[in-house]
Structures are given as structure tokens and as C-alpha cells.
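Shown next: coords_35.cif, given as mmCIF, C-alpha atoms.
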```
data_protein
loop_
_atom_site.label_atom_id
_atom_site.label_comp_id
_atom_site.auth_asym_id
_atom_site.auth_seq_id
_atom_site.Cartn_x
_atom_site.Cartn_y
_atom_site.Cartn_z
CA MET A 137 -17.44 -6.56 33.66
CA ILE A 138 -16.94 -3.74 31.19
CA LYS A 139 -19.45 -1.09 30.14
CA ILE A 140 -19.97 -0.68 26.38
CA ASN A 141 -22.15 1.65 24.36
CA LEU A 142 -24.47 -0.28 22.05
CA ARG A 143 -24.74 2.71 19.72
CA HIS A 144 -21.15 1.99 18.57
CA TYR A 145 -22.10 -1.51 17.45
CA TYR A 146 -25.69 -1.15 16.20
CA PRO A 147 -26.41 1.60 13.67
CA HIS A 148 -30.14 1.71 14.39
CA TYR A 149 -29.52 2.99 17.94
CA THR A 150 -29.83 6.77 17.90
CA SER A 151 -28.98 7.44 21.54
CA ASP A 152 -26.43 6.08 23.97
CA VAL A 153 -27.31 2.76 25.59
CA PHE A 154 -24.74 1.47 28.05
CA ILE A 155 -24.65 -2.14 29.22
CA GLU A 156 -22.18 -4.23 31.14
CA VAL A 157 -20.70 -7.24 29.37
CA PRO A 158 -18.19 -9.88 30.46
CA ASP A 159 -14.52 -9.18 29.73
CA ASP A 160 -14.22 -11.86 27.03
CA ILE A 161 -17.17 -10.38 25.10
CA ALA A 162 -15.64 -6.90 25.31
CA ILE A 163 -12.32 -8.28 24.05
CA GLU A 164 -14.06 -9.95 21.07
CA LEU A 165 -15.93 -6.74 20.23
CA HIS A 166 -12.68 -4.77 20.40
CA ALA A 167 -10.94 -7.34 18.16
CA PHE A 168 -13.80 -7.05 15.65
CA GLU A 169 -13.43 -3.25 15.63
CA ASN A 170 -9.67 -3.58 15.01
CA GLU A 171 -10.20 -6.06 12.16
CA ASP A 172 -12.80 -3.80 10.57
CA ALA A 173 -10.51 -0.76 10.87
CA ALA A 174 -7.63 -2.74 9.32
CA TYR A 175 -9.89 -3.76 6.41
CA ARG A 176 -10.93 -0.15 5.83
CA MET A 177 -7.27 0.95 5.93
CA ARG A 178 -6.24 -1.72 3.38
CA ARG A 179 -9.14 -0.70 1.16
CA SER A 180 -8.13 2.95 1.40
CA ARG A 181 -4.43 2.32 0.76
CA ASN A 182 -5.21 0.24 -2.31
CA ARG A 183 -7.79 2.79 -3.48
CA ALA A 184 -10.43 0.06 -3.64
CA PHE A 185 -13.51 1.93 -2.52
CA TYR A 186 -15.79 -0.58 -4.16
CA SER A 187 -16.11 -4.32 -3.91
CA LEU A 188 -17.04 -7.03 -6.36
CA ASP A 189 -17.40 -9.53 -3.56
CA ARG A 190 -20.25 -11.94 -4.21
CA GLU A 191 -20.00 -13.40 -0.70
CA ASP A 192 -18.41 -16.56 -2.11
CA GLY A 193 -15.15 -15.92 -0.24
CA LEU A 194 -13.08 -15.15 -3.35
CA GLU A 195 -12.21 -11.59 -2.37
CA ARG A 196 -11.16 -12.62 1.12
CA GLU A 197 -9.15 -15.56 -0.23
CA LYS A 198 -7.22 -13.28 -2.59
CA GLN A 199 -6.72 -10.66 0.07
CA PHE A 200 -5.24 -13.02 2.64
CA SER A 201 -3.67 -15.69 0.42
CA THR A 202 0.00 -16.48 0.83
CA PRO A 203 2.08 -16.27 -2.33
CA SER A 204 3.61 -19.45 -3.68
CA SER A 205 7.36 -19.96 -3.72
CA GLU A 206 7.28 -19.43 -7.48
CA ASP A 207 5.63 -16.02 -7.00
CA GLY A 208 8.23 -15.12 -4.39
CA PHE A 209 11.05 -16.10 -6.73
CA PHE A 210 9.54 -14.07 -9.57
CA ARG A 211 9.17 -10.98 -7.36
CA GLU A 212 12.74 -11.35 -6.09
CA HIS A 213 14.04 -11.70 -9.64
CA LEU A 214 12.04 -8.66 -10.74
CA ALA A 215 13.34 -6.57 -7.83
CA CYS A 216 16.95 -7.59 -8.56
CA SER A 217 16.47 -6.70 -12.24
CA LEU A 218 15.04 -3.31 -11.32
CA PHE A 219 17.80 -2.42 -8.86
CA SER A 220 20.56 -3.55 -11.22
CA ALA A 221 18.99 -1.41 -13.96
CA LEU A 222 18.79 1.54 -11.54
CA GLN A 223 22.53 1.20 -10.90
CA GLU A 224 23.22 1.72 -14.60
CA LEU A 225 21.55 5.15 -14.53
CA PRO A 226 23.35 8.34 -13.59
CA VAL A 227 23.32 8.84 -9.82
CA ALA A 228 20.95 11.83 -9.87
CA GLN A 229 18.38 10.06 -12.07
CA ALA A 230 18.52 6.87 -10.01
CA ARG A 231 18.16 8.81 -6.77
CA ARG A 232 15.17 10.78 -8.08
CA ILE A 233 13.40 7.71 -9.49
CA TYR A 234 13.98 5.83 -6.23
CA ALA A 235 12.67 8.77 -4.19
CA HIS A 236 9.61 9.22 -6.39
CA TYR A 237 8.50 5.63 -6.96
CA ILE A 238 9.92 3.68 -4.02
CA LEU A 239 9.75 6.30 -1.25
CA GLY A 240 6.61 7.94 -2.67
CA MET A 241 7.95 11.50 -2.66
CA SER A 242 6.44 14.08 -4.98
CA ASN A 243 8.56 15.85 -7.59
CA LEU A 244 8.17 19.08 -5.63
CA ALA A 245 9.44 17.44 -2.42
CA ILE A 246 12.46 16.01 -4.26
CA ALA A 247 13.17 19.43 -5.78
CA ARG A 248 13.03 21.08 -2.37
CA VAL A 249 15.37 18.52 -0.83
CA GLU A 250 17.89 18.87 -3.66
CA GLY A 251 17.45 22.64 -3.97
CA ILE A 252 16.60 22.57 -7.67
CA ASN A 253 13.66 23.39 -9.93
CA GLU A 254 10.72 20.95 -10.02
CA GLY A 255 10.84 20.91 -13.84
CA ASN A 256 14.38 19.57 -13.70
CA VAL A 257 13.26 16.74 -11.42
CA ARG A 258 10.34 15.93 -13.70
CA LYS A 259 12.61 15.84 -16.80
CA SER A 260 15.21 13.77 -14.98
CA VAL A 261 12.65 11.21 -13.83
CA SER A 262 11.11 11.03 -17.30
CA ARG A 263 14.49 10.51 -18.99
CA GLY A 264 15.49 8.00 -16.35
CA LEU A 265 12.29 5.99 -16.90
CA HIS A 266 12.88 6.00 -20.63
CA ARG A 267 16.44 4.76 -20.07
CA LEU A 268 15.20 2.11 -17.62
CA GLN A 269 12.77 0.89 -20.24
CA GLU A 270 15.65 0.48 -22.69
CA ILE A 271 17.84 -1.28 -20.12
CA LEU A 272 15.13 -3.64 -18.93
CA GLY A 273 14.07 -4.34 -22.51
CA GLU A 274 17.62 -5.45 -23.30
CA PHE A 275 17.81 -7.37 -20.04
CA HIS A 276 14.68 -9.44 -20.64
CA ASP A 277 15.18 -10.08 -24.37
#
```
Mind converting the file's structure to C-alpha cells?
Amino acid sequence: MIKINLRHYYPHYTSDVFIEVPDDIAIELHAFENEDAAYRMRRSRNRAFYSLDREDGLEREKQFSTPSSEDGFFREHLACSLFSALQELPVAQARRIYAHYILGMSNLAIARVEGINEGNVRKSVSRGLHRLQEILGEFHD
């Protein structure tokens, strides 16, 4: 038997109320807490602080659906196209674009790592994106 605090599970409790529950119930409650925390983390990472869920299961279905093999092929093809286009850029531009968009580094962080001015990083990334647009436009035409 494990002691739990009902105030953690029921919002209308204003003071601590401890009860003993069987181990399997405590495990289920803990699993529910973990699932809820994971949902909140996914919502935060995707910046989706609102929901259009109508309780018809659509949101959950989209959130946990497995992509089809066609979707996987398309994503793989897109990734290969992007990385081959990145290889056509000058090394510094490719490195800065990769660091900014793939690794999620800020322009200031990239500038500090490379020991250069942030404006130079910003211009380099901008020019590199413009060149990538040209390369990928030619690639997909």
C-alpha cells in the first residue's frame, strides 16, 4: 500500500488529504501523471497553447497517427534535396544555416562560436537562404 495526497489529483481539495491505495492504483495514477506531463510538453514544444478539439478524437488521432510509407518517402526525398542543396553552398553559409535551422542556435550564439559579428552571421544566413531557394527551385522544376 502506498500513501497518496488527494490534493494532487482533485483540484477542489484545498488541504492535504492522505490515503493509502493499492500499488496497482498508485502505478496507474503515476502513469496518468506522466502521460499528462508528456502532453503538456508536446503542446509547449509545438507552441499549441490552445485546442480545437471537439472531443471527437480527431486531435488525438492526428497527434498519435503513424505516417504512411508515402509520407515517409516524401520526407526522405525532401531531406535529401535539402542536404544536397546545402552542399552546393559555400561552407560558411551551409554551416551557419545548419546551425541556425537544424540545431536551433541563435545568430548571436553562432557569432560567438565563430568569433565574428552577429550582423555577418545574419547576412550570411539570409544570402544562403536566398541561394537555397534558387537551387531548390531549379531542382524541383
Given the PyMOL selection byres ((chain A and resi 243) around 10), the residues it picks as a list in words: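 Given this file, the PyMOL selection byres ((chain A and resi 243) around 10) evaluates to Arg232, Ile233, Ala235, His236, Gly240, Met241, Ser242, Leu244, Ala245, Ile246, Ala247, Arg248, Val249, Asn253, Glu254, Gly255, Asn256, Val257, Arg258 and Val261 of chain A.
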For this file, the PyMOL selection byres ((chain A and resi 141) around 9) selects which residues, as a PyMOL selection string? chain A and resi 139-140+142-145+152-156
At what distance in Å, to one decimal, does atom CA of A:Pro147 lie from atom CA of A:Ser180? 22.1 Å
Evaluated on this file, the PyMOL selection byres ((chain A and resi 219) around 12) picks out some residues - which ones are they, written as a list in words?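 Going through the file, the PyMOL selection byres ((chain A and resi 219) around 12) ends up selecting Glu212, His213, Leu214, Ala215, Cys216, Ser217, Leu218, Ser220, Ala221, Leu222, Gln223, Glu224, Leu225, Ala230, Arg231, Ile233, Tyr234, Ile238, Leu268, Ile271 and Leu272 of chain A.
Using only C-alpha atoms, the shortest contact distance between A:Val227 and any of A:Asp207, A:Ser260, A:Glu171, A:Thr150 is found at A:Ser260.
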Complete stretch 147-166 of chain A at the level of N, CA and C atoms, written as a JSON list (two decimals), in the coordinates of the input.
```
[["chain", "number", "residue", "atom", "x", "y", "z"],
["A", 147, "PRO", "N", -26.12, 0.30, 14.28],
["A", 147, "PRO", "CA", -26.41, 1.60, 13.67],
["A", 147, "PRO", "C", -27.83, 2.11, 13.89],
["A", 148, "HIS", "N", -28.76, 1.23, 14.21],
["A", 148, "HIS", "CA", -30.14, 1.71, 14.39],
["A", 148, "HIS", "C", -30.36, 2.36, 15.75],
["A", 149, "TYR", "N", -29.41, 2.27, 16.66],
["A", 149, "TYR", "CA", -29.52, 2.99, 17.94],
["A", 149, "TYR", "C", -29.19, 4.45, 17.69],
["A", 150, "THR", "N", -30.06, 5.34, 18.11],
["A", 150, "THR", "CA", -29.83, 6.77, 17.90],
["A", 150, "THR", "C", -29.36, 7.48, 19.16],
["A", 151, "SER", "N", -29.46, 6.83, 20.30],
["A", 151, "SER", "CA", -28.98, 7.44, 21.54],
["A", 151, "SER", "C", -28.08, 6.43, 22.25],
["A", 152, "ASP", "N", -27.36, 6.91, 23.22],
["A", 152, "ASP", "CA", -26.43, 6.08, 23.97],
["A", 152, "ASP", "C", -27.18, 5.08, 24.84],
["A", 153, "VAL", "N", -26.76, 3.82, 24.74],
["A", 153, "VAL", "CA", -27.31, 2.76, 25.59],
["A", 153, "VAL", "C", -26.12, 1.98, 26.14],
["A", 154, "PHE", "N", -25.88, 2.12, 27.43],
["A", 154, "PHE", "CA", -24.74, 1.47, 28.05],
["A", 154, "PHE", "C", -25.18, 0.18, 28.75],
["A", 155, "ILE", "N", -24.40, -0.88, 28.51],
["A", 155, "ILE", "CA", -24.65, -2.14, 29.22],
["A", 155, "ILE", "C", -23.32, -2.71, 29.68],
["A", 156, "GLU", "N", -23.38, -3.56, 30.67],
["A", 156, "GLU", "CA", -22.18, -4.23, 31.14],
["A", 156, "GLU", "C", -22.11, -5.61, 30.50],
["A", 157, "VAL", "N", -20.92, -5.93, 29.99],
["A", 157, "VAL", "CA", -20.70, -7.24, 29.37],
["A", 157, "VAL", "C", -19.48, -7.89, 30.00],
["A", 158, "PRO", "N", -19.38, -9.21, 29.94],
["A", 158, "PRO", "CA", -18.19, -9.88, 30.46],
["A", 158, "PRO", "C", -16.93, -9.46, 29.69],
["A", 159, "ASP", "N", -15.79, -9.61, 30.32],
["A", 159, "ASP", "CA", -14.52, -9.18, 29.73],
["A", 159, "ASP", "C", -14.25, -9.85, 28.38],
["A", 160, "ASP", "N", -14.53, -11.16, 28.28],
["A", 160, "ASP", "CA", -14.22, -11.86, 27.03],
["A", 160, "ASP", "C", -15.09, -11.35, 25.87],
["A", 161, "ILE", "N", -16.31, -10.96, 26.14],
["A", 161, "ILE", "CA", -17.17, -10.38, 25.10],
["A", 161, "ILE", "C", -16.62, -9.03, 24.67],
["A", 162, "ALA", "N", -16.21, -8.22, 25.63],
["A", 162, "ALA", "CA", -15.64, -6.90, 25.31],
["A", 162, "ALA", "C", -14.37, -7.05, 24.49],
["A", 163, "ILE", "N", -13.56, -8.05, 24.81],
["A", 163, "ILE", "CA", -12.32, -8.28, 24.05],
["A", 163, "ILE", "C", -12.66, -8.67, 22.61],
["A", 164, "GLU", "N", -13.65, -9.54, 22.42],
["A", 164, "GLU", "CA", -14.06, -9.95, 21.07],
["A", 164, "GLU", "C", -14.60, -8.76, 20.28],
["A", 165, "LEU", "N", -15.41, -7.92, 20.91],
["A", 165, "LEU", "CA", -15.93, -6.74, 20.23],
["A", 165, "LEU", "C", -14.81, -5.79, 19.82],
["A", 166, "HIS", "N", -13.83, -5.63, 20.70],
["A", 166, "HIS", "CA", -12.68, -4.77, 20.40],
["A", 166, "HIS", "C", -11.87, -5.36, 19.24]]
```
